[in-house]
Each structure stands twice: as C-alpha cells, then as structure tokens.
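Down below is the structure, laid out as structure tokens.
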Amino acid sequence: MPQFFLNKRLIILLVSIIILVALIGFSLKDRENLTWPEQFLKDTTGFIQNAVSSPVNYVAGFFENVEDLQNTYKENKDLKTRLDELARLESEVQRLKKDNTELREILDKKDSLSEFEPKQATVIGRNPDRWHELLIINKGKNAGIEPNMAVITSKGLIGKVKSSNTFTSTVQLLSSMDPTNRISAKIQAGENNFFGLIEGYDKEEGLLLLKRIPYDAKVEKDQNVITSGLGGVFPESLPIGKVVDVVPDEFGLTQTAYVKPGADFYDIGHVMVVKRGALQPELMEMVDEKEEEL
Amino acid sequence: MRRFLLPLILLALFIGESIFVQVTPHDLLGSGKIAVPHFLMAALLFLTIFGSKKHGILYGLLFGLLFDIVYVEIIGIYLFLFPVIAFIATKLMRILQTNIAMASIIVILGISLLETGVYQMNLLIHHTDMEFAVFLSSRLLPTLMLNAIFIILAVYPFKRLSEKFADSLNE
C-alpha cells in the first residue's frame with residue numbers, strides 16, 4: 001500500500017483529475033458572469049480576432065459576391081413578381097401600425113412586449129469544435145449588451161447572449177444542445193396561437209424541436225413560429241421558422257413540432273442583439289413575493 | 001526572436017481554427033458530416049515530437065486553457081486533453097523512430113484521441129446525445145480526413161520549425 005502513495009505520477013494524475021472535475025463543475029454551474037481573468041483573456045483574444053476577421057471577411061465577401069452575380073438573373077425575375085404584392089402589403093402595414101398606436105393611446109397602454117431596440121454587431125469568431133455552438137461578437141458591456149438578450153439575423157432568431165465581457169460577447173446558438181437553453185415560442189395558426197417551448201435541435205435534419213404544445217392544438221405544416229415574449233427576456237414576435245412536421249410526444253399528453261429555422265446557423269456574418277423595450281421581471285422579486293405568501 | 005516564432009505561430013493557428021470554421025461551408029466533406037479543424041493540436045504534437053517534449057506539454061496546458069476560456073466556456077476539457085495527448089505522444093516516441101511518416105501517424109492518432117475524448121466528456125455532461133456509431137461516421141472520419149490534409153501540408157515546415165526552436169533553447 002505505501003508504494004501506491006509513493007508513486008509520484010499516479011498522485012499527480014489523481015490530483016489533476018480532481019482539479020479537472022472541480023473546474024468543469026465550476027464552469028457548468030449557472031453563472032451570471034465570467035470571472036475577471038476569463039473576461040480579460042476573452043477581451044484580449046477578441047481584440048486580435050477583431051483585427052484579423054475584418055480583412056478575412058472582406059476577401060470571403062468578394063467570393064460570395066461573385067457567386068451572387070451568377071444567380072442575379074433568376075433572382076431578379078422572382079423578385080419582380082413579388083414586388084407588386086409588396087406595395088400592397090406596405091400600405092396595409094402602415095394603416096395597421098397607425099391603428100395600433102391610436103388604439104393603444106385610447107387604452108393608455110404604453111408597454112408592448114414586441115418593442116425592442118436592435119444593436120448591430122459583427123461575428124469575429126466561432127467555436128471550432130462545433131460541440132458547443134458558440135459565436136463571438138465584437139460588442140460587449142460597453143455597448144449595453146447583457147447576458148440572455150436575444151440575437152437575430154435579418155431572417156430570424158439565432159440564439160441568445162451567453163455571456164458578455166467589456167468589449168466582446170459570446171452568443172449561444174439555438175442549435176447547441178444545452179439543457180438550460182429554452183425559448184418560449186408560439187405557433188401562429190390563423191386566429192389561434194399555440195404556445196410551446198423550443199427545446200433542443202435535431203442535428204441531422206437541421207430542425208428545431210418545439211415541445212409542449214397542447215395535445216388538442218391543430219398545428220399544420222408551414223405555419224409560422226415566433227417568439228412569444230412570455231419567457232421574460234425576449235421580445236415578442238421575433239421570427240423563428242416554419243413548422244415542418246408534428247408528432248405526439250411519448251406519453252401522448254403534448255405534441256412536438258419540428259420547426260425549420262428561418263435563419264442559417266452557419267453562414268452568419270452580422271447579427272443584431274435585441275434589447276427588449278418592456279421591463280424585465282426581476283427574478284429576485286418574484287422569489288421574494290412567493291416566500292412571503294407562504 | 002527565433003524563440004518567439006513558434007508560440008506566435010501557435011497563436012495564429014488558435015485564431016485560425018475559428019476563422020477556418022467561419023469561412024468554409026459547414027458541409028465541406030458532404031452534408032451532415034462535421035469536420036473539425038484540430039490544427040493547433042497537430043502543431044503541438046509536432047513540437048512535442050520534433051522539438052522539446054517539455055515545451056510541448058507546457059504549451060498544451062497554456063493553449064488548452066485559452067481554448068477552453070475563449071471558445072468553449074467550460075474550463076477543463078481541452079486543458080486536460082491537450083497536455084495528456086502530448087504526454088502520450090512522448091511515451092510513444094520512446095518506442096518509435098522519429099521520422100516524418102511516423103510523426104504523421106502519431107499526430108493522426110492524437111487527433112482521433114482528442115476528438116473521442118471531447119465527445120466522451122460532452123456525453124458525460126449531457127451536452128450531446130450523439131450515439132457512438134453516428135459519432136464515428138459523421139464526426140471522427142471527416143475530421144481525420146480534414147486534418148490529414150493539413151498534416152501532409154504542414155509536417156515538413158513544422159519539423160524544421162520545431163528543430164530550430166529546440167536549437168534556440170539549447171543556445
């Protein structure tokens with residue numbers, strides 16, 4: 001037995017495994033903010049990435065433009081057919097917007113869940129190992145970005161801010177598998193809305209899973225899925241995608257919809273971080289109230 | 001100056017991996033196949049094999065920590081695997097000859113160990129639910145193919161670089 005403890009290498013291995021487990025446990029726990037050495041390192045590397053990524057993006061952008069040119073003729077045809085429809089839609093949107101503000105004034109209701117202010121940011125890095133789908137963007141706390149804000153591209157929701165440092169932030173994509181990654185969403189089905197939670201991602205098919213839809217909801221293909229704004233952090237009606245398929249869950253109590261995301265999770269250059277206009281309920285407040293009631 | 005060239009190249013590879021993933025299409029080697037660049041690991045192993053063993057493991061620790069903090073946000077995965085694989089490479093080099101072909105095989109072996117190790121750890125902390133057979137065909141194989149191309153291109157320059165680095169340490 002004493003030999004066992006004298007084996008220096010074995011002791012080092014055991015101690016390092018203990019430290020490893022402790023470190024992983026520490027970083028997995030629900031942290032509001034990263035520790036300052038982490039933030040410092042992320043900001044410093046972010047500075048270098050920022051300097052490198054702009055010329056790289058320029059060159060990559062050039063090749064993309066050349067590719068775009070080849071499709072221009074076909075695209076132009078398609079767009080022309082949709083242009084007439086657009087003018088009609090635009091006037092209708094104008095009218096509805098005006099209606100909405102007038103009605104709101106009558107009701108004296110100022111806050112709306114769908115109000116938000118977008119902040120532009122550029123992607124300067126991406127996790128190469130592709131297990132944890134994380135992006136690094138070039139705006140941080142000094143631009144007003146805080147954890148849990150929604151991140152969108154022009155085509156739809158792509159994820160949320162996981163952590164923010166002074167000059168950079170990390171974005172967790174919807175496609176990354178994390179048990180704590182849940183988004184309250186609703187399906188627009190004509191007059192009705194069906195609520196559910198986006199939980200998980202089917203990597204092979206590239207589809208998001210919208211779970212916990214009521215069992216009697218009549219969800220159909222091609223219905224739009226948007227954020228509901230009920231999660232407390234995201235604003236309402238950010239587009240997510242379209243329903244592809246609906247299946248009952250394993251116990252038959254709820255349904256699961258497969259949603260094709262509107263945004264591309266790979267080809268991301270510029271993103272918008274969304275700060276919601278309505279006040280966020282403070283978690284601490286809610287907890288305190290409950291405890292008092294009890 | 002020659003002493004700082006190699007760490008700078010390692011840093012460039014560290015940043016380059018992220019840029020590589022950003023600019024290349026995601027289905028580079030067929031749809032549904034995920035090819036992960038492990039250029040940094042390859043360079044670290046070349047340094048361990050041709051240059052200095054001690055520095056290989058040390059830089060493994062350093063860049064492992066940096067990788068975890070900057071890209072993964074879970075400290076411990078690469079921090080553990082980079083130096084351990086470099087250590088295994090030093091053990092293997094005692095038995096085997098140090099030539100280019102042998103080194104390339106060991107680097108391929110190291111990268112497959114790294115990818116499998118990361119997969120096992122992610123399985124453990126429930127960040128993936130991929131099955132092992134799926135992992136083999138859709139991740140490990142494309143990853144090894146991509147990195148094999150890098151190794152063929154980089155083995156000779158890195159051999160020279162590591163040897164020069166080792167010389168500059170002896171001076």
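By convention here, the chains of the structure tokens are called A, B, ... in the order presented, each chain's residues are numbered starting at 1, and ligands are numbered starting at 1 in the order presented.
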
Within 8 Å of chain B, which residues of chain A are there when counting only C-alpha atoms? Please give them as a PyMOL selection string. chain A and resi 20-21+23-24+27-28+38+41-42+45+49+53+57+60+125-132+134+177-179+203-204+266-267

Per DSSP on the backbone, filter stretch 42-141 of chain B down to the residues in alpha helix (DSSP H) and report them as an MDAnalysis selection string. chainID B and resid 42:50 53:67 77:95 100:124 132:135 141

Proximity to B:Leu61 - best of B:Leu153, B:Phe135, B:Leu28, B:Pro83, only C-alpha atoms: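 Among B:Leu153, B:Phe135, B:Leu28, B:Pro83, it is B:Pro83 that comes nearest to B:Leu61.
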
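Using only C-alpha atoms, the protein and nucleic acid residues lying no more than 9 Å from A:Gly262, apart from those fewer than 4 places from it along its own chain, are Lys155, Gly156, Leu157, Ile158, Pro239, Ile240, Gly241 and Lys242 of chain A.
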
Suppose you want the space between atom CA of A:Val244 and atom CA of A:Ala189; what is it in Å?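 Going from atom CA of A:Val244 over to atom CA of A:Ala189, I get 13.7 Å.
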
Which neighbours of stretch 93-98 of chain B fall inside 10 Å, counting only C-alpha atoms, when residues of the same chain fewer than 6 positions from it are skipped, and could you give them as a list of chain:residue names?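 The residues satisfying every condition are B:Thr48, B:Ile49, B:Phe50, B:Phe87, B:Ile106.
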
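The interatomic distance for the pair atom CA of B:Leu161 and atom CA of B:Leu5 works out to 8.5 Å.
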
Return as a PyMOL selection string the full set of residues in stretch 55-271 of chain A whose backbone-based DSSP assignment is strand (DSSP E or B). chain A and resi 116-126+134-137+150-153+156-164+169-173+182-189+192-202+207-214+224-227+239-248+254-261+270-271

Dump as an mmCIF file, in the first residue's frame, selection limited to C-alpha atoms:
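Resulting contents of result24.cif:
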```
data_model
loop_
_atom_site.group_PDB
_atom_site.id
_atom_site.type_symbol
_atom_site.label_atom_id
_atom_site.label_comp_id
_atom_site.auth_asym_id
_atom_site.auth_seq_id
_atom_site.Cartn_x
_atom_site.Cartn_y
_atom_site.Cartn_z
ATOM 1 C CA PHE A 116 -37.240 46.269 -28.933
ATOM 2 C CA GLU A 117 -34.117 48.156 -29.876
ATOM 3 C CA PRO A 118 -31.599 46.306 -32.036
ATOM 4 C CA LYS A 119 -27.841 46.681 -31.743
ATOM 5 C CA GLN A 120 -25.624 45.776 -34.680
ATOM 6 C CA ALA A 121 -22.627 43.524 -34.140
ATOM 7 C CA THR A 122 -20.152 41.590 -36.273
ATOM 8 C CA VAL A 123 -19.171 37.972 -35.738
ATOM 9 C CA ILE A 124 -15.428 37.761 -35.084
ATOM 10 C CA GLY A 125 -15.077 34.144 -34.037
ATOM 11 C CA ARG A 126 -16.748 30.795 -33.793
ATOM 12 C CA LEU A 134 -20.908 29.481 -29.777
ATOM 13 C CA LEU A 135 -20.155 32.689 -31.652
ATOM 14 C CA ILE A 136 -18.012 35.597 -30.505
ATOM 15 C CA ILE A 137 -19.264 39.067 -31.454
ATOM 16 C CA ALA A 150 -31.981 37.617 -27.969
ATOM 17 C CA VAL A 151 -29.734 37.554 -31.053
ATOM 18 C CA ILE A 152 -31.260 37.701 -34.535
ATOM 19 C CA THR A 153 -30.196 37.991 -38.149
ATOM 20 C CA GLY A 156 -34.852 35.240 -37.752
ATOM 21 C CA LEU A 157 -33.797 34.303 -34.272
ATOM 22 C CA ILE A 158 -30.455 32.537 -33.975
ATOM 23 C CA GLY A 159 -29.757 32.431 -30.255
ATOM 24 C CA LYS A 160 -29.084 34.339 -27.097
ATOM 25 C CA VAL A 161 -26.168 36.082 -25.446
ATOM 26 C CA LYS A 162 -24.492 33.593 -23.143
ATOM 27 C CA SER A 163 -22.014 35.911 -21.500
ATOM 28 C CA SER A 164 -20.808 39.427 -22.087
ATOM 29 C CA SER A 169 -19.798 38.795 -26.034
ATOM 30 C CA THR A 170 -20.487 35.127 -26.578
ATOM 31 C CA VAL A 171 -23.641 34.054 -28.382
ATOM 32 C CA GLN A 172 -25.120 30.607 -27.869
ATOM 33 C CA LEU A 173 -26.922 29.389 -30.975
ATOM 34 C CA ARG A 182 -35.222 27.052 -23.656
ATOM 35 C CA ILE A 183 -37.215 29.631 -25.532
ATOM 36 C CA SER A 184 -40.905 30.349 -25.170
ATOM 37 C CA ALA A 185 -42.467 30.340 -28.634
ATOM 38 C CA LYS A 186 -45.870 30.345 -30.258
ATOM 39 C CA ILE A 187 -47.303 28.982 -33.482
ATOM 40 C CA GLN A 188 -49.457 31.368 -35.479
ATOM 41 C CA ALA A 189 -52.452 29.348 -36.639
ATOM 42 C CA ASN A 192 -55.378 30.974 -32.586
ATOM 43 C CA ASN A 193 -51.916 30.909 -31.115
ATOM 44 C CA PHE A 194 -50.454 27.732 -29.701
ATOM 45 C CA PHE A 195 -47.695 28.091 -27.147
ATOM 46 C CA GLY A 196 -44.738 25.816 -26.665
ATOM 47 C CA LEU A 197 -41.054 25.730 -25.764
ATOM 48 C CA ILE A 198 -38.138 25.446 -28.152
ATOM 49 C CA GLU A 199 -36.045 22.707 -26.567
ATOM 50 C CA GLY A 200 -33.300 21.056 -28.488
ATOM 51 C CA TYR A 201 -32.182 20.669 -32.056
ATOM 52 C CA ASP A 202 -32.135 17.758 -34.450
ATOM 53 C CA LEU A 207 -34.719 21.182 -37.337
ATOM 54 C CA LEU A 208 -35.619 22.787 -34.031
ATOM 55 C CA LEU A 209 -37.888 20.922 -31.622
ATOM 56 C CA LEU A 210 -40.892 22.855 -30.355
ATOM 57 C CA LYS A 211 -42.156 20.849 -27.417
ATOM 58 C CA ARG A 212 -45.086 21.023 -25.001
ATOM 59 C CA ILE A 213 -47.761 22.095 -27.471
ATOM 60 C CA PRO A 214 -51.242 21.232 -26.098
ATOM 61 C CA ASN A 224 -45.121 30.440 -38.686
ATOM 62 C CA VAL A 225 -43.339 30.098 -35.362
ATOM 63 C CA ILE A 226 -42.384 33.277 -33.480
ATOM 64 C CA THR A 227 -41.183 34.111 -30.005
ATOM 65 C CA PRO A 239 -39.492 35.140 -36.327
ATOM 66 C CA ILE A 240 -38.055 31.681 -35.635
ATOM 67 C CA GLY A 241 -39.160 29.483 -38.522
ATOM 68 C CA LYS A 242 -41.864 27.341 -40.069
ATOM 69 C CA VAL A 243 -43.486 24.115 -38.907
ATOM 70 C CA VAL A 244 -42.419 21.074 -40.915
ATOM 71 C CA ASP A 245 -43.947 18.183 -39.022
ATOM 72 C CA VAL A 246 -45.972 17.489 -35.855
ATOM 73 C CA VAL A 247 -45.794 14.337 -33.787
ATOM 74 C CA PRO A 248 -47.390 13.437 -30.430
ATOM 75 C CA THR A 254 -48.492 17.035 -25.568
ATOM 76 C CA GLN A 255 -47.264 17.414 -29.117
ATOM 77 C CA THR A 256 -43.852 18.171 -30.541
ATOM 78 C CA ALA A 257 -43.439 20.205 -33.694
ATOM 79 C CA TYR A 258 -40.377 20.141 -35.899
ATOM 80 C CA VAL A 259 -39.530 23.677 -36.941
ATOM 81 C CA LYS A 260 -37.331 24.621 -39.864
ATOM 82 C CA PRO A 261 -35.378 27.661 -38.664
ATOM 83 C CA HIS A 270 -23.595 40.209 -38.972
ATOM 84 C CA VAL A 271 -26.096 39.885 -36.173
#
```
